[in-house]
$ cat target_36.csv   # CSV, C-alpha atoms
chain,number,residue,atom,x,y,z
W,1,MET,CA,-7.8,10.7,-3.0
W,2,PHE,CA,-7.2,9.2,0.5
W,3,ARG,CA,-10.9,9.5,1.4
W,4,ALA,CA,-11.9,7.7,-1.9
W,5,TYR,CA,-9.4,4.9,-1.3
W,6,ALA,CA,-10.6,4.5,2.3
W,7,ARG,CA,-14.1,4.1,1.2
W,8,PHE,CA,-13.0,1.7,-1.6
W,9,SER,CA,-11.1,-0.4,0.9
W,10,VAL,CA,-14.2,-0.6,3.1
W,11,ASN,CA,-16.5,-1.6,0.2
W,12,HIS,CA,-14.0,-4.0,-1.5
W,13,PRO,CA,-11.7,-5.5,1.2
W,14,LEU,CA,-10.5,-8.4,-1.1
W,15,VAL,CA,-9.3,-6.0,-3.7
W,16,HIS,CA,-7.6,-3.9,-1.0
W,17,TYR,CA,-5.8,-6.9,0.4
W,18,THR,CA,-4.7,-7.9,-3.2
W,19,ASN,CA,-3.3,-4.4,-3.6
W,20,LEU,CA,-1.4,-4.7,-0.3
W,21,LEU,CA,0.0,-8.1,-1.3
W,22,ALA,CA,1.1,-6.8,-4.7
W,23,VAL,CA,2.9,-3.8,-3.2
W,24,LEU,CA,4.5,-6.1,-0.6
W,25,ALA,CA,5.6,-8.5,-3.3
W,26,VAL,CA,7.2,-5.7,-5.3
W,27,PHE,CA,9.0,-4.5,-2.2
W,28,ILE,CA,10.3,-7.9,-1.2
W,29,THR,CA,11.4,-8.8,-4.8
W,30,SER,CA,13.1,-5.4,-5.2
W,31,CYS,CA,15.0,-5.8,-1.8
W,32,TYR,CA,16.1,-9.3,-2.7
W,33,GLN,CA,17.3,-8.3,-6.2
W,34,LEU,CA,19.0,-5.3,-4.9
W,35,LEU,CA,20.9,-7.2,-2.2
W,36,GLU,CA,21.6,-10.3,-4.4
W,37,ASN,CA,22.7,-8.6,-7.6
W,38,GLU,CA,24.0,-5.3,-6.2
W,39,ASN,CA,22.5,-3.4,-9.1
W,40,LEU,CA,21.0,0.0,-8.4
W,41,MET,CA,18.5,-0.6,-11.2
W,42,PHE,CA,16.4,-2.7,-8.8
W,43,ALA,CA,16.1,0.3,-6.4
W,44,ALA,CA,13.4,1.6,-8.8
W,45,GLY,CA,11.0,-1.0,-7.3
W,46,LEU,CA,11.6,0.6,-3.9
W,47,VAL,CA,10.7,4.0,-5.3
W,48,LEU,CA,7.5,2.6,-6.9
W,49,VAL,CA,6.4,1.3,-3.5
W,50,ILE,CA,6.5,4.8,-1.8
W,51,LEU,CA,3.4,6.2,-3.4
W,52,PRO,CA,1.0,3.3,-2.6
W,53,THR,CA,2.4,3.1,0.9
W,54,VAL,CA,1.6,6.7,1.5
W,55,ILE,CA,-1.9,6.2,0.1
W,56,PHE,CA,-2.5,3.1,2.2
W,57,ALA,CA,-1.3,4.9,5.4
W,58,ARG,CA,-3.3,8.1,4.9
W,59,SER,CA,-6.4,6.1,3.9
W,60,SER,CA,-6.0,3.9,7.0
W,61,ASP,CA,-5.8,7.0,9.2
W,62,TYR,CA,-8.9,8.4,7.5
W,63,LYS,CA,-10.8,5.1,7.9
W,64,ARG,CA,-9.9,4.8,11.5
W,65,LYS,CA,-11.0,8.4,12.3
W,66,TYR,CA,-14.2,8.7,10.2
W,67,LEU,CA,-15.4,5.4,8.9
W,68,SER,CA,-15.3,3.3,12.1
W,69,THR,CA,-18.3,1.2,12.8
W,70,ASN,CA,-19.9,1.6,16.2
W,71,ASP,CA,-21.1,-2.0,16.9

$ encode --input "target_36.csv" --output "structure tokens"
Amino acid sequence: MFRAYARFSVNHPLVHYTNLLAVLAVFITSCYQLLENENLMFAAGLVLVILPTVIFARSSDYKRKYLSTND
């Protein structure tokens, strides 16, 4: 799965950046709501961010190791 997303992010960088921004927006919104409202219900947004973050990190590592361009 990490290899597939690494290739996807190389072939479609705009979609990848959109995914990154969406995950970042969910994280920031969840942190703000959690701090402002002090309601643990908003911690669910933090849990939802964990899986995409792991996928982005492992895909980035794969991309750096195996998909680098030698210009």

$ atom_distance --input "target_36.csv" --atom1 "atom CA of Tyr66 of chain W" --atom2 "atom CA of Thr53 of chain W"
19.8 Å

$ residues_around --input "target_36.csv" --residues "segment 13-27 of chain W" --least-positions-apart "4" --cutoff "12 Å" --atoms "only C-alpha atoms" --output "list of chain:residue names"
W:Tyr5, W:Ala6, W:Arg7, W:Phe8, W:Ser9, W:Cys31, W:Tyr32, W:Gln33, W:Leu34, W:Phe42, W:Ala43, W:Ala44, W:Gly45, W:Leu46, W:Val47, W:Leu48, W:Val49, W:Ile50, W:Leu51, W:Pro52, W:Thr53, W:Val54, W:Ile55, W:Phe56, W:Ala57, W:Ser59, W:Ser60

$ atom_distance --input "target_36.csv" --atom1 "atom CA of Arg3 of chain W" --atom2 "atom CA of Arg64 of chain W"
11.2 Å

$ closest_residue --input "target_36.csv" --among "W:Leu35, W:Ser68, W:Lys63, W:Arg58" --to "Met1 of chain W" --atoms "all atoms listed in the file"
W:Arg58

$ build_atoms --input "target_36.csv" --residues "segment 33-63 of chain W" --atoms "N, CA and C atoms" --output "PDB file, in the frame of the given file"
ATOM      1  N   GLN W  33      16.455  -8.561  -4.989  1.00  0.00           N
ATOM      2  CA  GLN W  33      17.300  -8.300  -6.200  1.00  0.00           C
ATOM      3  C   GLN W  33      18.352  -7.314  -5.945  1.00  0.00           C
ATOM      4  N   LEU W  34      18.037  -6.278  -5.176  1.00  0.00           N
ATOM      5  CA  LEU W  34      19.000  -5.300  -4.900  1.00  0.00           C
ATOM      6  C   LEU W  34      20.176  -5.817  -4.058  1.00  0.00           C
ATOM      7  N   LEU W  35      19.859  -6.645  -3.076  1.00  0.00           N
ATOM      8  CA  LEU W  35      20.900  -7.200  -2.200  1.00  0.00           C
ATOM      9  C   LEU W  35      21.673  -8.336  -2.976  1.00  0.00           C
ATOM     10  N   GLU W  36      20.980  -9.143  -3.735  1.00  0.00           N
ATOM     11  CA  GLU W  36      21.600 -10.300  -4.400  1.00  0.00           C
ATOM     12  C   GLU W  36      22.482  -9.836  -5.586  1.00  0.00           C
ATOM     13  N   ASN W  37      21.956  -8.955  -6.413  1.00  0.00           N
ATOM     14  CA  ASN W  37      22.700  -8.600  -7.600  1.00  0.00           C
ATOM     15  C   ASN W  37      23.494  -7.311  -7.486  1.00  0.00           C
ATOM     16  N   GLU W  38      23.292  -6.575  -6.425  1.00  0.00           N
ATOM     17  CA  GLU W  38      24.000  -5.300  -6.200  1.00  0.00           C
ATOM     18  C   GLU W  38      23.941  -4.387  -7.371  1.00  0.00           C
ATOM     19  N   ASN W  39      22.762  -4.278  -7.939  1.00  0.00           N
ATOM     20  CA  ASN W  39      22.500  -3.400  -9.100  1.00  0.00           C
ATOM     21  C   ASN W  39      21.505  -2.375  -8.708  1.00  0.00           C
ATOM     22  N   LEU W  40      21.861  -1.105  -8.832  1.00  0.00           N
ATOM     23  CA  LEU W  40      21.000   0.000  -8.400  1.00  0.00           C
ATOM     24  C   LEU W  40      19.702   0.072  -9.275  1.00  0.00           C
ATOM     25  N   MET W  41      19.667  -0.624 -10.380  1.00  0.00           N
ATOM     26  CA  MET W  41      18.500  -0.600 -11.200  1.00  0.00           C
ATOM     27  C   MET W  41      17.267  -1.152 -10.442  1.00  0.00           C
ATOM     28  N   PHE W  42      17.500  -2.084  -9.532  1.00  0.00           N
ATOM     29  CA  PHE W  42      16.400  -2.700  -8.800  1.00  0.00           C
ATOM     30  C   PHE W  42      15.895  -1.755  -7.670  1.00  0.00           C
ATOM     31  N   ALA W  43      16.556  -0.651  -7.422  1.00  0.00           N
ATOM     32  CA  ALA W  43      16.100   0.300  -6.400  1.00  0.00           C
ATOM     33  C   ALA W  43      14.832   1.043  -6.969  1.00  0.00           C
ATOM     34  N   ALA W  44      14.589   0.974  -8.257  1.00  0.00           N
ATOM     35  CA  ALA W  44      13.400   1.600  -8.800  1.00  0.00           C
ATOM     36  C   ALA W  44      12.127   0.950  -8.240  1.00  0.00           C
ATOM     37  N   GLY W  45      12.184  -0.332  -7.923  1.00  0.00           N
ATOM     38  CA  GLY W  45      11.000  -1.000  -7.300  1.00  0.00           C
ATOM     39  C   GLY W  45      10.747  -0.424  -5.919  1.00  0.00           C
ATOM     40  N   LEU W  46      11.781  -0.015  -5.210  1.00  0.00           N
ATOM     41  CA  LEU W  46      11.600   0.600  -3.900  1.00  0.00           C
ATOM     42  C   LEU W  46      10.943   1.966  -4.030  1.00  0.00           C
ATOM     43  N   VAL W  47      11.319   2.693  -5.077  1.00  0.00           N
ATOM     44  CA  VAL W  47      10.700   4.000  -5.300  1.00  0.00           C
ATOM     45  C   VAL W  47       9.249   3.853  -5.694  1.00  0.00           C
ATOM     46  N   LEU W  48       8.928   2.817  -6.459  1.00  0.00           N
ATOM     47  CA  LEU W  48       7.500   2.600  -6.900  1.00  0.00           C
ATOM     48  C   LEU W  48       6.630   2.234  -5.685  1.00  0.00           C
ATOM     49  N   VAL W  49       7.200   1.740  -4.623  1.00  0.00           N
ATOM     50  CA  VAL W  49       6.400   1.300  -3.500  1.00  0.00           C
ATOM     51  C   VAL W  49       6.042   2.518  -2.572  1.00  0.00           C
ATOM     52  N   ILE W  50       6.751   3.624  -2.704  1.00  0.00           N
ATOM     53  CA  ILE W  50       6.500   4.800  -1.800  1.00  0.00           C
ATOM     54  C   ILE W  50       5.136   5.346  -1.963  1.00  0.00           C
ATOM     55  N   LEU W  51       4.677   5.606  -3.174  1.00  0.00           N
ATOM     56  CA  LEU W  51       3.400   6.200  -3.400  1.00  0.00           C
ATOM     57  C   LEU W  51       2.213   5.372  -2.849  1.00  0.00           C
ATOM     58  N   PRO W  52       2.139   4.076  -3.184  1.00  0.00           N
ATOM     59  CA  PRO W  52       1.000   3.300  -2.600  1.00  0.00           C
ATOM     60  C   PRO W  52       1.108   3.182  -1.098  1.00  0.00           C
ATOM     61  N   THR W  53       2.313   3.154  -0.539  1.00  0.00           N
ATOM     62  CA  THR W  53       2.400   3.100   0.900  1.00  0.00           C
ATOM     63  C   THR W  53       1.877   4.340   1.561  1.00  0.00           C
ATOM     64  N   VAL W  54       2.149   5.488   0.988  1.00  0.00           N
ATOM     65  CA  VAL W  54       1.600   6.700   1.500  1.00  0.00           C
ATOM     66  C   VAL W  54       0.076   6.739   1.390  1.00  0.00           C
ATOM     67  N   ILE W  55      -0.429   6.280   0.269  1.00  0.00           N
ATOM     68  CA  ILE W  55      -1.900   6.200   0.100  1.00  0.00           C
ATOM     69  C   ILE W  55      -2.526   5.275   1.082  1.00  0.00           C
ATOM     70  N   PHE W  56      -1.933   4.104   1.286  1.00  0.00           N
ATOM     71  CA  PHE W  56      -2.500   3.100   2.200  1.00  0.00           C
ATOM     72  C   PHE W  56      -2.455   3.723   3.660  1.00  0.00           C
ATOM     73  N   ALA W  57      -1.380   4.387   4.021  1.00  0.00           N
ATOM     74  CA  ALA W  57      -1.300   4.900   5.400  1.00  0.00           C
ATOM     75  C   ALA W  57      -2.259   6.051   5.625  1.00  0.00           C
ATOM     76  N   ARG W  58      -2.369   6.981   4.700  1.00  0.00           N
ATOM     77  CA  ARG W  58      -3.300   8.100   4.900  1.00  0.00           C
ATOM     78  C   ARG W  58      -4.752   7.613   4.835  1.00  0.00           C
ATOM     79  N   SER W  59      -5.043   6.638   3.978  1.00  0.00           N
ATOM     80  CA  SER W  59      -6.400   6.100   3.900  1.00  0.00           C
ATOM     81  C   SER W  59      -6.747   5.336   5.181  1.00  0.00           C
ATOM     82  N   SER W  60      -5.794   4.625   5.728  1.00  0.00           N
ATOM     83  CA  SER W  60      -6.000   3.900   7.000  1.00  0.00           C
ATOM     84  C   SER W  60      -6.315   4.874   8.110  1.00  0.00           C
ATOM     85  N   ASP W  61      -5.582   5.970   8.147  1.00  0.00           N
ATOM     86  CA  ASP W  61      -5.800   7.000   9.200  1.00  0.00           C
ATOM     87  C   ASP W  61      -7.208   7.581   9.028  1.00  0.00           C
ATOM     88  N   TYR W  62      -7.609   7.904   7.789  1.00  0.00           N
ATOM     89  CA  TYR W  62      -8.900   8.400   7.500  1.00  0.00           C
ATOM     90  C   TYR W  62     -10.020   7.422   7.934  1.00  0.00           C
ATOM     91  N   LYS W  63      -9.791   6.164   7.564  1.00  0.00           N
ATOM     92  CA  LYS W  63     -10.800   5.100   7.900  1.00  0.00           C
ATOM     93  C   LYS W  63     -10.932   4.935   9.367  1.00  0.00           C
TER      94      LYS W  63
END
